[in-house]
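Novice: Sharing a structure with you now.
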Amino acid sequence: MRIAQVAPLAEAVPPKLYGGTERVVSWLTEELMRQGHDVTLFASGDSTTSAKLVPCVPKGLRLAGIRDHIASHLVMLNEVRSRADQFDIIHFHVDLLQHVLFRDLAHKCLTTLHGRLDLPDFMPVYQTFQEMPLVSISNSQRAPMPPHVNWLATVHHGLPASVCPFNEQGGGYLAFLGRIAPEKRPDRAVEIAKRAGIALKIAAKVDPADQAYFEEVIEPLLDHPLIEFVGEIDEEAKCDFLGHALALLFPIDWPEPFGLVMIEAMSAGTPVIAFRNGSVPEVVADGVTGFIVETMDEAVTAARQVESLGRAGVREVFECRFTVARMAKDYVHAYDTLLTKGGTDQRHLVAAE
C-alpha cells in the first residue's frame, strides 16, 4: 500500500527526548517499511526515517521554542492535501484539524486518537464529523465519546523488542518515568516509596504549564534520602533506567488512554504497579506483569511484594501482546477494512448517480 503517516510537529520522529506519540509513529512507520509498504512521513525536518520524509517544519516545535502549533499544523495539512492522490491510505496522528480539509476523502483517511477524550472542549468536532474513521488506542479511551462516531478499530501500542532490552536482573529502586503533572501523581509515587522504604528515581520532564505545580507541590517532596529527581532523559538512558528498576510506578488518577511507559517497562522485564484507571486493566496482567491497585495501602503492599513476580514472565507477555509487528498487523487490517468499506461506499455512490 501507499501510506501517508502524518505526525504531530511538537517533536521529531522519533523524538529527541520526551514524546510518546511521535515514538509510536516512528515505530509504526519503520515496521510498515520493513513489511514492504510504500510509506511517506509528514513530520519535522529533524526526523529520522527510512520512509520518504516530507519536512513540514525545520525541527520539532517544542525544542524549537514554538508554543502555539496550530499554524504549522495547518500548513502541513495543506501539503498532505495537495498530495492526497498519491496515497491509498492517509493515517493521521493529529487529533482534530484534518477533519475539515479531508472530509471528502474519509474513505481513505483514518485518525488515531492518542490523547484523552474525556474533556468537553473537543466534542463539537466529533459530533459534527461523524463519518471520519477513528482508531482508539484502548477500549477504555472510547467511553466519553458520542455514540455515533465512526470507530474503525482499537489498536494497542506496540514497540520493537530491541527498544527496551530484557534485563533479567533488574534493580532495587522504583521508577517514575514521563511527565510531571497533577494527573500523573508523582506525589503518590514519592509517598509509596517512602512508606515502602524503597528508593525512588523520578525521570520526568516539566512542561511550562506544570512548572508551578512542580515547584509548589513536588519539589518540596524531593528532599529525602530515598528520592532522586533525574529530570528528562533520552531514549538510551530510558532503557537503562527501566531495565535496572525493581518496578515502574504508574500512580495515575485520570483515564490515561494507554500509558506507553507501561509496555516499555514490560519489554525490559520490569513489573508495573498501576492504579486502576483508564487503560491500565487492558495493559497490565494483574499478578503476572505487575499489580493493579486502587488505594495507597495496596500500592505500598505491591511495592513490597513485586520482587516475587518473574521478570521473564513479564517479558513473555510483552512479546505476545505488545510488539510493533503486532501493532502494524492490526493497522494493516484496519487499512484493508477501510479500503474495502470505502470501495463499497464509492460503488453505492456511482449506482445512485
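In the C-alpha cells, each chain is lettered A, B, ... as it comes, each chain's residues begin at 1, and ligands are numbered from 1 in order of appearance.
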Please provide the set of residues having any atom within 12 Å of Ile218 of chain A, restricted to only C-alpha atoms, with same-chain residues fewer than 5 positions apart removed, written as an MDAnalysis selection string.

Specialist: chainID A and resid 180:182 184:191 202 204 206 210:213 223:224 227:229

Novice: Tell me which of A:Leu77, A:Val332, A:Val293, A:Val155 sits closest to Asn139 of chain A, counting only C-alpha atoms.

Specialist: A:Val155

Novice: At a cut-off of 7 Å, using only C-alpha atoms, what residues contact segment 90-92 of chain A? Leave out same-chain residues fewer than 5 positions from it and give the result as a list in words.

Specialist: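 The residues satisfying every condition are Ile3, Ala4, Gln5, Val6, Ala7, Lys108, Cys109, Leu110, Thr111 and Thr112 of chain A.
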
Novice: Please, could you write that set of residues out with N, CA and C atoms as a PDB file, in the first residue's frame?

Specialist:
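That gives us out-v8.pdb:
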```pdb
ATOM      1  N   ILE A   3       1.125   4.575   1.743  1.00  0.00           N
ATOM      2  CA  ILE A   3       0.599   5.044   3.021  1.00  0.00           C
ATOM      3  C   ILE A   3       1.270   6.354   3.416  1.00  0.00           C
ATOM      4  N   ALA A   4       0.467   7.346   3.778  1.00  0.00           N
ATOM      5  CA  ALA A   4       0.981   8.575   4.367  1.00  0.00           C
ATOM      6  C   ALA A   4       0.803   8.497   5.877  1.00  0.00           C
ATOM      7  N   GLN A   5       1.881   8.735   6.611  1.00  0.00           N
ATOM      8  CA  GLN A   5       1.811   8.870   8.061  1.00  0.00           C
ATOM      9  C   GLN A   5       1.986  10.353   8.389  1.00  0.00           C
ATOM     10  N   VAL A   6       1.007  10.932   9.053  1.00  0.00           N
ATOM     11  CA  VAL A   6       1.013  12.366   9.347  1.00  0.00           C
ATOM     12  C   VAL A   6       1.198  12.546  10.849  1.00  0.00           C
ATOM     13  N   ALA A   7       2.395  12.987  11.225  1.00  0.00           N
ATOM     14  CA  ALA A   7       2.782  13.040  12.634  1.00  0.00           C
ATOM     15  C   ALA A   7       2.549  14.416  13.235  1.00  0.00           C
ATOM     16  N   LYS A 108     -10.548   7.052   2.674  1.00  0.00           N
ATOM     17  CA  LYS A 108      -9.173   6.554   2.733  1.00  0.00           C
ATOM     18  C   LYS A 108      -8.348   7.246   3.820  1.00  0.00           C
ATOM     19  N   CYS A 109      -9.032   7.884   4.753  1.00  0.00           N
ATOM     20  CA  CYS A 109      -8.363   8.562   5.861  1.00  0.00           C
ATOM     21  C   CYS A 109      -8.762   7.918   7.190  1.00  0.00           C
ATOM     22  N   LEU A 110      -7.822   7.833   8.098  1.00  0.00           N
ATOM     23  CA  LEU A 110      -8.135   7.435   9.461  1.00  0.00           C
ATOM     24  C   LEU A 110      -7.282   8.239  10.419  1.00  0.00           C
ATOM     25  N   THR A 111      -7.788   8.413  11.617  1.00  0.00           N
ATOM     26  CA  THR A 111      -7.094   9.177  12.646  1.00  0.00           C
ATOM     27  C   THR A 111      -6.965   8.324  13.885  1.00  0.00           C
ATOM     28  N   THR A 112      -5.724   8.116  14.348  1.00  0.00           N
ATOM     29  CA  THR A 112      -5.519   7.507  15.655  1.00  0.00           C
ATOM     30  C   THR A 112      -5.569   8.604  16.701  1.00  0.00           C
TER      31      THR A 112
END
```

Novice: Extract, using only C-alpha atoms, all DNA, RNA and protein residues at most 8 Å from segment 261-276 of chain A, discarding same-chain residues fewer than 2 positions from it, and format them as a VMD selection string.

Specialist: chain A and resid 158 to 159 161 163 to 168 170 177 to 178 239 242 to 243 245 to 253 259 278 280 to 281 283 to 284 289 to 295 299 302 to 303 306 309 311 to 315 317 to 319 322

Novice: Counting only C-alpha atoms, what are the residues of segment 245-329 of chain A within 10 Å of segment 22-46 of chain A, and for each of them which pair of atoms is the nearest and at what distance in Å, to one decimal? Sort the table by chain and rising number, as a Markdown table.

Specialist:
```
| residue | atom | partner | partner_atom | distance |
| --- | --- | --- | --- | --- |
| A:Leu260 | CA | A:Val24 | CA | 8.8 |
| A:Thr323 | CA | A:Trp27 | CA | 9.8 |
| A:Val324 | CA | A:Trp27 | CA | 6.6 |
| A:Ala325 | CA | A:Glu31 | CA | 6.8 |
| A:Arg326 | CA | A:Glu31 | CA | 9.9 |
| A:Met327 | CA | A:Leu28 | CA | 7.4 |
| A:Ala328 | CA | A:Leu28 | CA | 6.0 |
| A:Lys329 | CA | A:Leu32 | CA | 8.9 |
```

Novice: Run DSSP on the backbone of this structure and report the residues of segment 79-262 of chain A it assigns to alpha helix (DSSP H), as a JSON list (two decimals) with N, CA, C and O atoms, in the first residue's frame.

Specialist:
```
[["chain", "number", "residue", "atom", "x", "y", "z"],
["A", 79, "GLU", "N", -0.19, 20.66, 2.80],
["A", 79, "GLU", "CA", 0.77, 19.89, 1.99],
["A", 79, "GLU", "C", 0.29, 18.47, 1.78],
["A", 79, "GLU", "O", 0.37, 17.92, 0.67],
["A", 80, "VAL", "N", -0.24, 17.85, 2.82],
["A", 80, "VAL", "CA", -0.79, 16.49, 2.68],
["A", 80, "VAL", "C", -1.93, 16.49, 1.68],
["A", 80, "VAL", "O", -2.02, 15.61, 0.80],
["A", 81, "ARG", "N", -2.81, 17.48, 1.78],
["A", 81, "ARG", "CA", -3.97, 17.55, 0.88],
["A", 81, "ARG", "C", -3.52, 17.69, -0.57],
["A", 81, "ARG", "O", -4.10, 17.07, -1.47],
["A", 82, "SER", "N", -2.48, 18.46, -0.82],
["A", 82, "SER", "CA", -2.01, 18.66, -2.19],
["A", 82, "SER", "C", -1.44, 17.38, -2.79],
["A", 82, "SER", "O", -1.36, 17.26, -4.02],
["A", 98, "GLN", "N", -7.53, 18.07, 10.79],
["A", 98, "GLN", "CA", -7.63, 17.50, 9.45],
["A", 98, "GLN", "C", -9.07, 17.23, 9.02],
["A", 98, "GLN", "O", -9.35, 17.09, 7.83],
["A", 99, "HIS", "N", -10.01, 17.16, 9.95],
["A", 99, "HIS", "CA", -11.36, 16.72, 9.60],
["A", 99, "HIS", "C", -12.02, 17.64, 8.57],
["A", 99, "HIS", "O", -12.72, 17.17, 7.67],
["A", 100, "VAL", "N", -11.83, 18.92, 8.70],
["A", 100, "VAL", "CA", -12.46, 19.86, 7.76],
["A", 100, "VAL", "C", -11.87, 19.71, 6.37],
["A", 100, "VAL", "O", -12.60, 19.68, 5.36],
["A", 101, "LEU", "N", -10.55, 19.56, 6.29],
["A", 101, "LEU", "CA", -9.87, 19.52, 4.99],
["A", 101, "LEU", "C", -10.04, 18.19, 4.26],
["A", 101, "LEU", "O", -9.93, 18.14, 3.04],
["A", 123, "MET", "N", -15.62, 17.96, 21.80],
["A", 123, "MET", "CA", -16.77, 17.17, 21.39],
["A", 123, "MET", "C", -17.51, 17.72, 20.16],
["A", 123, "MET", "O", -18.01, 16.95, 19.34],
["A", 124, "PRO", "N", -17.60, 19.05, 19.97],
["A", 124, "PRO", "CA", -18.29, 19.53, 18.76],
["A", 124, "PRO", "C", -17.70, 18.98, 17.47],
["A", 124, "PRO", "O", -18.44, 18.71, 16.51],
["A", 125, "VAL", "N", -16.38, 18.78, 17.41],
["A", 125, "VAL", "CA", -15.76, 18.22, 16.20],
["A", 125, "VAL", "C", -16.21, 16.78, 15.98],
["A", 125, "VAL", "O", -16.61, 16.39, 14.88],
["A", 126, "TYR", "N", -16.16, 15.97, 17.05],
["A", 126, "TYR", "CA", -16.54, 14.56, 16.89],
["A", 126, "TYR", "C", -18.02, 14.39, 16.63],
["A", 126, "TYR", "O", -18.45, 13.44, 15.98],
["A", 127, "GLN", "N", -18.84, 15.32, 17.14],
["A", 127, "GLN", "CA", -20.27, 15.26, 16.87],
["A", 127, "GLN", "C", -20.60, 15.69, 15.44],
["A", 127, "GLN", "O", -21.56, 15.20, 14.84],
["A", 128, "THR", "N", -19.78, 16.58, 14.88],
["A", 128, "THR", "CA", -20.05, 17.11, 13.54],
["A", 128, "THR", "C", -19.48, 16.21, 12.45],
["A", 128, "THR", "O", -20.14, 15.97, 11.43],
["A", 186, "PRO", "N", 2.92, 12.19, 40.59],
["A", 186, "PRO", "CA", 4.25, 11.90, 41.13],
["A", 186, "PRO", "C", 4.29, 11.99, 42.65],
["A", 186, "PRO", "O", 5.13, 11.35, 43.29],
["A", 187, "ASP", "N", 3.38, 12.77, 43.23],
["A", 187, "ASP", "CA", 3.32, 12.83, 44.69],
["A", 187, "ASP", "C", 2.97, 11.48, 45.29],
["A", 187, "ASP", "O", 3.50, 11.08, 46.34],
["A", 188, "ARG", "N", 2.09, 10.74, 44.63],
["A", 188, "ARG", "CA", 1.78, 9.38, 45.07],
["A", 188, "ARG", "C", 3.02, 8.50, 45.00],
["A", 188, "ARG", "O", 3.27, 7.68, 45.90],
["A", 189, "ALA", "N", 3.79, 8.63, 43.91],
["A", 189, "ALA", "CA", 4.99, 7.81, 43.76],
["A", 189, "ALA", "C", 5.95, 8.05, 44.92],
["A", 189, "ALA", "O", 6.52, 7.10, 45.47],
["A", 190, "VAL", "N", 6.12, 9.31, 45.29],
["A", 190, "VAL", "CA", 7.02, 9.64, 46.40],
["A", 190, "VAL", "C", 6.50, 9.02, 47.71],
["A", 190, "VAL", "O", 7.27, 8.41, 48.47],
["A", 191, "GLU", "N", 5.20, 9.13, 47.95],
["A", 191, "GLU", "CA", 4.65, 8.59, 49.19],
["A", 191, "GLU", "C", 4.77, 7.06, 49.24],
["A", 191, "GLU", "O", 5.09, 6.48, 50.29],
["A", 192, "ILE", "N", 4.52, 6.41, 48.10],
["A", 192, "ILE", "CA", 4.64, 4.95, 48.05],
["A", 192, "ILE", "C", 6.06, 4.53, 48.41],
["A", 192, "ILE", "O", 6.28, 3.61, 49.21],
["A", 193, "ALA", "N", 7.04, 5.19, 47.81],
["A", 193, "ALA", "CA", 8.44, 4.83, 48.05],
["A", 193, "ALA", "C", 8.81, 5.04, 49.51],
["A", 193, "ALA", "O", 9.46, 4.18, 50.14],
["A", 194, "LYS", "N", 8.41, 6.17, 50.08],
["A", 194, "LYS", "CA", 8.76, 6.46, 51.47],
["A", 194, "LYS", "C", 8.12, 5.45, 52.41],
["A", 194, "LYS", "O", 8.76, 4.94, 53.34],
["A", 195, "ARG", "N", 6.84, 5.14, 52.19],
["A", 195, "ARG", "CA", 6.15, 4.19, 53.08],
["A", 195, "ARG", "C", 6.67, 2.77, 52.92],
["A", 195, "ARG", "O", 6.72, 2.01, 53.89],
["A", 196, "ALA", "N", 7.08, 2.42, 51.69],
["A", 196, "ALA", "CA", 7.60, 1.07, 51.46],
["A", 196, "ALA", "C", 9.07, 0.94, 51.85],
["A", 196, "ALA", "O", 9.58, -0.17, 51.96],
["A", 211, "GLN", "N", 5.08, 23.97, 35.60],
["A", 211, "GLN", "CA", 6.21, 24.44, 36.39],
["A", 211, "GLN", "C", 5.79, 24.84, 37.81],
["A", 211, "GLN", "O", 6.46, 24.49, 38.79],
["A", 212, "ALA", "N", 4.68, 25.54, 37.94],
["A", 212, "ALA", "CA", 4.22, 25.95, 39.27],
["A", 212, "ALA", "C", 3.86, 24.74, 40.12],
["A", 212, "ALA", "O", 4.19, 24.69, 41.32],
["A", 213, "TYR", "N", 3.19, 23.74, 39.53],
["A", 213, "TYR", "CA", 2.86, 22.51, 40.26],
["A", 213, "TYR", "C", 4.13, 21.83, 40.76],
["A", 213, "TYR", "O", 4.21, 21.37, 41.91],
["A", 235, "GLU", "N", 16.32, 8.41, 24.94],
["A", 235, "GLU", "CA", 15.91, 7.02, 24.72],
["A", 235, "GLU", "C", 16.93, 6.03, 25.29],
["A", 235, "GLU", "O", 16.56, 5.03, 25.91],
["A", 236, "GLU", "N", 18.21, 6.29, 25.08],
["A", 236, "GLU", "CA", 19.23, 5.36, 25.56],
["A", 236, "GLU", "C", 19.23, 5.28, 27.08],
["A", 236, "GLU", "O", 19.28, 4.20, 27.67],
["A", 237, "ALA", "N", 19.15, 6.43, 27.72],
["A", 237, "ALA", "CA", 19.12, 6.44, 29.19],
["A", 237, "ALA", "C", 17.85, 5.78, 29.71],
["A", 237, "ALA", "O", 17.86, 5.16, 30.78],
["A", 238, "LYS", "N", 16.75, 5.91, 28.96],
["A", 238, "LYS", "CA", 15.49, 5.32, 29.40],
["A", 238, "LYS", "C", 15.58, 3.80, 29.49],
["A", 238, "LYS", "O", 15.03, 3.20, 30.42],
["A", 239, "CYS", "N", 16.26, 3.18, 28.56],
["A", 239, "CYS", "CA", 16.41, 1.73, 28.58],
["A", 239, "CYS", "C", 17.08, 1.27, 29.86],
["A", 239, "CYS", "O", 16.63, 0.33, 30.52],
["A", 240, "ASP", "N", 18.18, 1.91, 30.22],
["A", 240, "ASP", "CA", 18.87, 1.57, 31.46],
["A", 240, "ASP", "C", 18.01, 1.89, 32.67],
["A", 240, "ASP", "O", 17.96, 1.12, 33.63],
["A", 241, "PHE", "N", 17.34, 3.02, 32.62],
["A", 241, "PHE", "CA", 16.52, 3.46, 33.74],
["A", 241, "PHE", "C", 15.42, 2.43, 34.04],
["A", 241, "PHE", "O", 15.21, 2.05, 35.21],
["A", 242, "LEU", "N", 14.72, 1.97, 33.01],
["A", 242, "LEU", "CA", 13.65, 0.99, 33.22],
["A", 242, "LEU", "C", 14.20, -0.40, 33.48],
["A", 242, "LEU", "O", 13.69, -1.13, 34.34],
["A", 243, "GLY", "N", 15.24, -0.78, 32.76],
["A", 243, "GLY", "CA", 15.78, -2.12, 32.89],
["A", 243, "GLY", "C", 16.37, -2.41, 34.25],
["A", 243, "GLY", "O", 16.35, -3.56, 34.72],
["A", 260, "LEU", "N", 2.16, 4.42, 27.41],
["A", 260, "LEU", "CA", 3.22, 3.73, 26.68],
["A", 260, "LEU", "C", 4.32, 3.23, 27.60],
["A", 260, "LEU", "O", 4.91, 2.16, 27.37],
["A", 261, "VAL", "N", 4.63, 3.96, 28.64],
["A", 261, "VAL", "CA", 5.72, 3.59, 29.53],
["A", 261, "VAL", "C", 5.48, 2.23, 30.18],
["A", 261, "VAL", "O", 6.44, 1.52, 30.52],
["A", 262, "MET", "N", 4.22, 1.83, 30.31],
["A", 262, "MET", "CA", 3.95, 0.52, 30.90],
["A", 262, "MET", "C", 4.51, -0.61, 30.05],
["A", 262, "MET", "O", 5.12, -1.55, 30.56]]
```

Novice: Could you give me, as a list in words, each residue of segment 94-189 of chain A that DSSP assigns to strand (DSSP E or B) when run on this structure's backbone?

Specialist: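 Listing strand (DSSP E or B) positions across segment 94-189 of chain A yields Cys109, Leu110, Thr111, Thr112, Leu113, Pro133, Leu134, Val135, Ser136, Asn150, Trp151, Leu152, Ala153, Thr154, Leu159, Tyr173, Leu174, Ala175, Phe176, Leu177, Gly178 and Arg179 of chain A.
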